[in-house]
Amino acid sequence: MHVTAIVVAAGEGRRIGGKLSKPYRLIAGRAMVLHTLDRCFEARSVDEVILVVAANELARCEALLNADPKLRQRPWRLEKGGDTRQESVLCGLKATKPETEIVVIHDGARPLVSPVLIDRCVEVARREGAAIAGVPARDTIKIVSEDRQVQATPDRNSLWEIQTPQVFRKDLLIEGHERALREGLSATDDAMLIERMGKPVFVVEGERSNLKITLPEDILLAEALFQSSRGS
């Protein structure tokens with residue numbers, strides 16, 4: 001089965017601050033997006049990677065990737081993203097080759113994902129059609145109204161914090177995105193599009209270290225995790 005990973009890195013990352021776009025912020029001396037691509041290419045199941053970036057970052061990103069020794073001879077392609085994450089994923093999906101059967105969707109801002117986790121998600125998606133990484137919620141979660149009143153406290157045992165990678169059969173994911181376009185639906189992740197069709201989505205236990213870089217302090221934590229992995 002041909003597996004294509006779509007790495008989504010088209011967002012501005014406003015919450016992290018600074019003038020440099022988030023995918024190009026340095027972590028352990030290397031641009032965040034390069035770490036993410038490294039992990040995807042280290043997964044045994046991945047045949048190629050499509051990196052989706054903002055239109056105004058195409059030239060900068062292409063220069064960065066071409067200059068990187070680790071990416072030489074690697075099968076990567078760049079695609080222009082859309083105004084939303086959902087649109088950016090669809091741009092990457094349209095750019096996949098006809099032979100692609102399994103699609104891995106991964107956040108460019110999750111540079112610590114392990115290749116093993118990617119491979120595990122791909123294996124489940126091959127068997128079941130849709131697989132997403134997640135970890136059980138550790139904190140108590142409250143449903144809160146707009147005026148900050150607690151409405152309910154769901155049972156924590158049934159709550160999971162969902163990550164990427166999210167892996168799907170290509171035909172299933174295309175069907176989900178096409179339906180969303182027809183019906184004007186928006187989703188915060190691709191799994192929601194599959195859920196809305198009534199199709200099963202299976203959760204693969206993820207990794208606490210697979211954090212999404214969102215705030216400045218996340219970079220400090222990522223630095224520490226990279227240094228720890230190098231020293232182990």
# chains A, B, ... in the order shown; residues from 1 in each chain; ligands from 1

call {"tool": "select_by_dssp", "arguments": {"residues": "region 75-169 of chain A", "states": "strand (DSSP E)", "output": "PDB file with C-alpha atoms, in the first residue's frame"}}
result
ATOM      1  CA  TRP A  76       8.972  15.453  -0.576  1.00  0.00           C
ATOM      2  CA  ARG A  77       6.763  17.996  -2.334  1.00  0.00           C
ATOM      3  CA  LEU A  78       5.465  21.436  -1.408  1.00  0.00           C
ATOM      4  CA  GLU A  79       1.869  22.588  -1.803  1.00  0.00           C
ATOM      5  CA  LYS A  80       0.164  25.901  -1.137  1.00  0.00           C
ATOM      6  CA  THR A 100      -1.822   6.616  -2.739  1.00  0.00           C
ATOM      7  CA  GLU A 101      -4.126   4.379  -0.701  1.00  0.00           C
ATOM      8  CA  ILE A 102      -3.421   5.562   2.853  1.00  0.00           C
ATOM      9  CA  VAL A 103      -3.051   9.198   3.936  1.00  0.00           C
ATOM     10  CA  VAL A 104      -1.347  10.334   7.131  1.00  0.00           C
ATOM     11  CA  ILE A 105      -2.351  13.816   8.334  1.00  0.00           C
ATOM     12  CA  HIS A 106       0.141  15.361  10.754  1.00  0.00           C
ATOM     13  CA  ASP A 107       0.620  18.797  12.284  1.00  0.00           C
ATOM     14  CA  ALA A 130      -9.516   5.423  10.164  1.00  0.00           C
ATOM     15  CA  ALA A 131      -7.096   5.700  13.092  1.00  0.00           C
ATOM     16  CA  ILE A 132      -6.121   8.667  15.253  1.00  0.00           C
ATOM     17  CA  ALA A 133      -3.551   9.107  18.009  1.00  0.00           C
ATOM     18  CA  GLY A 134      -4.709  10.196  21.440  1.00  0.00           C
ATOM     19  CA  VAL A 135      -3.961   9.996  25.152  1.00  0.00           C
ATOM     20  CA  PRO A 136      -6.404   9.577  28.043  1.00  0.00           C
ATOM     21  CA  ILE A 143     -18.239  22.017  30.192  1.00  0.00           C
ATOM     22  CA  VAL A 144     -18.501  25.775  30.773  1.00  0.00           C
ATOM     23  CA  VAL A 150     -19.979  25.100  34.933  1.00  0.00           C
ATOM     24  CA  GLN A 151     -22.663  23.198  33.003  1.00  0.00           C
ATOM     25  CA  ALA A 152     -21.450  19.610  33.399  1.00  0.00           C
ATOM     26  CA  TRP A 160      -9.180  11.408  25.355  1.00  0.00           C
ATOM     27  CA  GLU A 161      -6.940  14.240  24.192  1.00  0.00           C
ATOM     28  CA  ILE A 162      -6.609  13.754  20.446  1.00  0.00           C
ATOM     29  CA  GLN A 163      -3.325  14.324  18.629  1.00  0.00           C
ATOM     30  CA  THR A 164      -1.973  13.763  15.175  1.00  0.00           C
ATOM     31  CA  PRO A 165      -1.084  11.658  13.244  1.00  0.00           C
ATOM     32  CA  GLN A 166      -4.571  10.920  11.987  1.00  0.00           C
ATOM     33  CA  VAL A 167      -4.544   8.240   9.310  1.00  0.00           C
ATOM     34  CA  PHE A 168      -7.260   7.290   6.824  1.00  0.00           C
ATOM     35  CA  ARG A 169      -7.948   5.327   3.713  1.00  0.00           C
TER      36      ARG A 169
END

call {"tool": "select_by_dssp", "arguments": {"residues": "region 160-210 of chain A", "states": "alpha helix (DSSP H)", "output": "NGL selection string"}}
result
:A and (170-183 or 190-195)

call {"tool": "closest_residue", "arguments": {"among": "A:Cys121, A:Met32, A:Leu90, A:Leu37", "to": "Ala180 (chain A)", "atoms": "only C-alpha atoms"}}
result
A:Leu90

call {"tool": "atom_distance", "arguments": {"atom1": "CA of Leu193 (chain A)", "atom2": "CA of Lys212 (chain A)"}}
result
21.2 Å

call {"tool": "residues_around", "arguments": {"residues": "region 49-64 of chain A", "least_positions_apart": "2", "cutoff": "7 Å", "atoms": "only C-alpha atoms", "output": "list in words"}}
result
Thr4, Ala5, Ile6, Val7, Val8, Ala9, Ala10, Gly11, Asn66, Ala67, Asp68, Pro75, Trp76, Arg77, Leu78, Glu79, Lys80, Gly81, Ser88 and Gly92 of chain A

call {"tool": "atom_distance", "arguments": {"atom1": "CA of Gln149 (chain A)", "atom2": "CA of Arg196 (chain A)"}}
result
28.8 Å

call {"tool": "residues_around", "arguments": {"residues": "Pro154 (chain A)", "least_positions_apart": "6", "cutoff": "9 Å", "atoms": "only C-alpha atoms", "output": "MDAnalysis selection string"}}
result
chainID A and resid 140:143

call {"tool": "closest_residue", "arguments": {"among": "A:Ala224, A:Glu217, A:Met1, A:Ala187", "to": "Thr84 (chain A)", "atoms": "only C-alpha atoms"}}
result
A:Ala187

call {"tool": "atom_distance", "arguments": {"atom1": "CA of Gly108 (chain A)", "atom2": "CA of Glu207 (chain A)"}}
result
16.2 Å

call {"tool": "closest_residue", "arguments": {"among": "A:Ile174, A:Val116, A:Val204, A:Ala109", "to": "Ala95 (chain A)", "atoms": "only C-alpha atoms"}}
result
A:Ile174

call {"tool": "decode", "arguments": {"residues": "region 134-166 of chain A", "atoms": "N, CA and C atoms", "output": "PDB file, in the first residue's frame"}}
result
ATOM      1  N   GLY A 134      -4.146   9.446  20.327  1.00  0.00           N
ATOM      2  CA  GLY A 134      -4.709  10.196  21.440  1.00  0.00           C
ATOM      3  C   GLY A 134      -4.209   9.638  22.763  1.00  0.00           C
ATOM      4  N   VAL A 135      -4.346  10.429  23.809  1.00  0.00           N
ATOM      5  CA  VAL A 135      -3.961   9.996  25.152  1.00  0.00           C
ATOM      6  C   VAL A 135      -5.127  10.233  26.098  1.00  0.00           C
ATOM      7  N   PRO A 136      -5.302   9.374  27.094  1.00  0.00           N
ATOM      8  CA  PRO A 136      -6.404   9.577  28.043  1.00  0.00           C
ATOM      9  C   PRO A 136      -6.251  10.907  28.782  1.00  0.00           C
ATOM     10  N   ALA A 137      -7.368  11.597  28.987  1.00  0.00           N
ATOM     11  CA  ALA A 137      -7.342  12.863  29.727  1.00  0.00           C
ATOM     12  C   ALA A 137      -6.907  12.614  31.161  1.00  0.00           C
ATOM     13  N   ARG A 138      -6.005  13.441  31.662  1.00  0.00           N
ATOM     14  CA  ARG A 138      -5.534  13.285  33.030  1.00  0.00           C
ATOM     15  C   ARG A 138      -6.221  14.255  33.990  1.00  0.00           C
ATOM     16  N   ASP A 139      -6.667  15.391  33.471  1.00  0.00           N
ATOM     17  CA  ASP A 139      -7.322  16.387  34.304  1.00  0.00           C
ATOM     18  C   ASP A 139      -8.844  16.230  34.230  1.00  0.00           C
ATOM     19  N   THR A 140      -9.513  16.742  35.254  1.00  0.00           N
ATOM     20  CA  THR A 140     -10.967  16.808  35.206  1.00  0.00           C
ATOM     21  C   THR A 140     -11.375  17.865  34.189  1.00  0.00           C
ATOM     22  N   ILE A 141     -12.337  17.523  33.332  1.00  0.00           N
ATOM     23  CA  ILE A 141     -12.802  18.427  32.286  1.00  0.00           C
ATOM     24  C   ILE A 141     -14.192  18.954  32.651  1.00  0.00           C
ATOM     25  N   LYS A 142     -14.396  20.254  32.525  1.00  0.00           N
ATOM     26  CA  LYS A 142     -15.696  20.880  32.774  1.00  0.00           C
ATOM     27  C   LYS A 142     -16.246  21.456  31.474  1.00  0.00           C
ATOM     28  N   ILE A 143     -17.554  21.301  31.266  1.00  0.00           N
ATOM     29  CA  ILE A 143     -18.239  22.017  30.192  1.00  0.00           C
ATOM     30  C   ILE A 143     -18.717  23.333  30.784  1.00  0.00           C
ATOM     31  N   VAL A 144     -18.295  24.451  30.181  1.00  0.00           N
ATOM     32  CA  VAL A 144     -18.501  25.775  30.773  1.00  0.00           C
ATOM     33  C   VAL A 144     -19.245  26.666  29.787  1.00  0.00           C
ATOM     34  N   SER A 145     -20.197  27.431  30.278  1.00  0.00           N
ATOM     35  CA  SER A 145     -20.979  28.341  29.445  1.00  0.00           C
ATOM     36  C   SER A 145     -20.162  29.580  29.093  1.00  0.00           C
ATOM     37  N   GLU A 146     -20.718  30.422  28.201  1.00  0.00           N
ATOM     38  CA  GLU A 146     -20.017  31.643  27.801  1.00  0.00           C
ATOM     39  C   GLU A 146     -19.795  32.595  28.965  1.00  0.00           C
ATOM     40  N   ASP A 147     -20.666  32.540  29.963  1.00  0.00           N
ATOM     41  CA  ASP A 147     -20.481  33.418  31.126  1.00  0.00           C
ATOM     42  C   ASP A 147     -19.700  32.734  32.253  1.00  0.00           C
ATOM     43  N   ARG A 148     -19.009  31.640  31.903  1.00  0.00           N
ATOM     44  CA  ARG A 148     -18.083  30.932  32.784  1.00  0.00           C
ATOM     45  C   ARG A 148     -18.756  30.142  33.900  1.00  0.00           C
ATOM     46  N   GLN A 149     -19.982  29.712  33.690  1.00  0.00           N
ATOM     47  CA  GLN A 149     -20.627  28.826  34.661  1.00  0.00           C
ATOM     48  C   GLN A 149     -20.436  27.380  34.232  1.00  0.00           C
ATOM     49  N   VAL A 150     -20.142  26.518  35.221  1.00  0.00           N
ATOM     50  CA  VAL A 150     -19.979  25.100  34.933  1.00  0.00           C
ATOM     51  C   VAL A 150     -21.341  24.494  34.607  1.00  0.00           C
ATOM     52  N   GLN A 151     -21.424  23.835  33.451  1.00  0.00           N
ATOM     53  CA  GLN A 151     -22.663  23.198  33.003  1.00  0.00           C
ATOM     54  C   GLN A 151     -22.681  21.696  33.295  1.00  0.00           C
ATOM     55  N   ALA A 152     -21.514  21.059  33.184  1.00  0.00           N
ATOM     56  CA  ALA A 152     -21.450  19.610  33.399  1.00  0.00           C
ATOM     57  C   ALA A 152     -20.002  19.184  33.572  1.00  0.00           C
ATOM     58  N   THR A 153     -19.837  17.996  34.159  1.00  0.00           N
ATOM     59  CA  THR A 153     -18.508  17.403  34.316  1.00  0.00           C
ATOM     60  C   THR A 153     -18.550  15.995  33.722  1.00  0.00           C
ATOM     61  N   PRO A 154     -18.072  15.832  32.492  1.00  0.00           N
ATOM     62  CA  PRO A 154     -18.100  14.499  31.863  1.00  0.00           C
ATOM     63  C   PRO A 154     -17.207  13.509  32.610  1.00  0.00           C
ATOM     64  N   ASP A 155     -17.523  12.259  32.485  1.00  0.00           N
ATOM     65  CA  ASP A 155     -16.718  11.196  33.074  1.00  0.00           C
ATOM     66  C   ASP A 155     -15.344  11.177  32.406  1.00  0.00           C
ATOM     67  N   ARG A 156     -14.321  11.410  33.189  1.00  0.00           N
ATOM     68  CA  ARG A 156     -12.966  11.492  32.637  1.00  0.00           C
ATOM     69  C   ARG A 156     -12.528  10.186  31.989  1.00  0.00           C
ATOM     70  N   ASN A 157     -13.062   9.079  32.430  1.00  0.00           N
ATOM     71  CA  ASN A 157     -12.649   7.781  31.883  1.00  0.00           C
ATOM     72  C   ASN A 157     -12.980   7.630  30.400  1.00  0.00           C
ATOM     73  N   SER A 158     -13.922   8.435  29.909  1.00  0.00           N
ATOM     74  CA  SER A 158     -14.304   8.339  28.498  1.00  0.00           C
ATOM     75  C   SER A 158     -13.687   9.450  27.649  1.00  0.00           C
ATOM     76  N   LEU A 159     -12.840  10.298  28.250  1.00  0.00           N
ATOM     77  CA  LEU A 159     -12.289  11.442  27.538  1.00  0.00           C
ATOM     78  C   LEU A 159     -10.842  11.191  27.129  1.00  0.00           C
ATOM     79  N   TRP A 160     -10.540  11.541  25.887  1.00  0.00           N
ATOM     80  CA  TRP A 160      -9.180  11.408  25.355  1.00  0.00           C
ATOM     81  C   TRP A 160      -8.770  12.729  24.721  1.00  0.00           C
ATOM     82  N   GLU A 161      -7.507  13.080  24.873  1.00  0.00           N
ATOM     83  CA  GLU A 161      -6.940  14.240  24.192  1.00  0.00           C
ATOM     84  C   GLU A 161      -6.386  13.755  22.852  1.00  0.00           C
ATOM     85  N   ILE A 162      -6.956  14.272  21.767  1.00  0.00           N
ATOM     86  CA  ILE A 162      -6.609  13.754  20.446  1.00  0.00           C
ATOM     87  C   ILE A 162      -5.439  14.529  19.846  1.00  0.00           C
ATOM     88  N   GLN A 163      -4.538  13.777  19.238  1.00  0.00           N
ATOM     89  CA  GLN A 163      -3.325  14.324  18.629  1.00  0.00           C
ATOM     90  C   GLN A 163      -3.367  14.065  17.120  1.00  0.00           C
ATOM     91  N   THR A 164      -2.260  14.330  16.479  1.00  0.00           N
ATOM     92  CA  THR A 164      -1.973  13.763  15.175  1.00  0.00           C
ATOM     93  C   THR A 164      -0.705  12.927  15.372  1.00  0.00           C
ATOM     94  N   PRO A 165      -0.474  11.905  14.547  1.00  0.00           N
ATOM     95  CA  PRO A 165      -1.084  11.658  13.244  1.00  0.00           C
ATOM     96  C   PRO A 165      -2.520  11.154  13.331  1.00  0.00           C
ATOM     97  N   GLN A 166      -3.272  11.507  12.249  1.00  0.00           N
ATOM     98  CA  GLN A 166      -4.571  10.920  11.987  1.00  0.00           C
ATOM     99  C   GLN A 166      -4.464  10.288  10.599  1.00  0.00           C
TER     100      GLN A 166
END
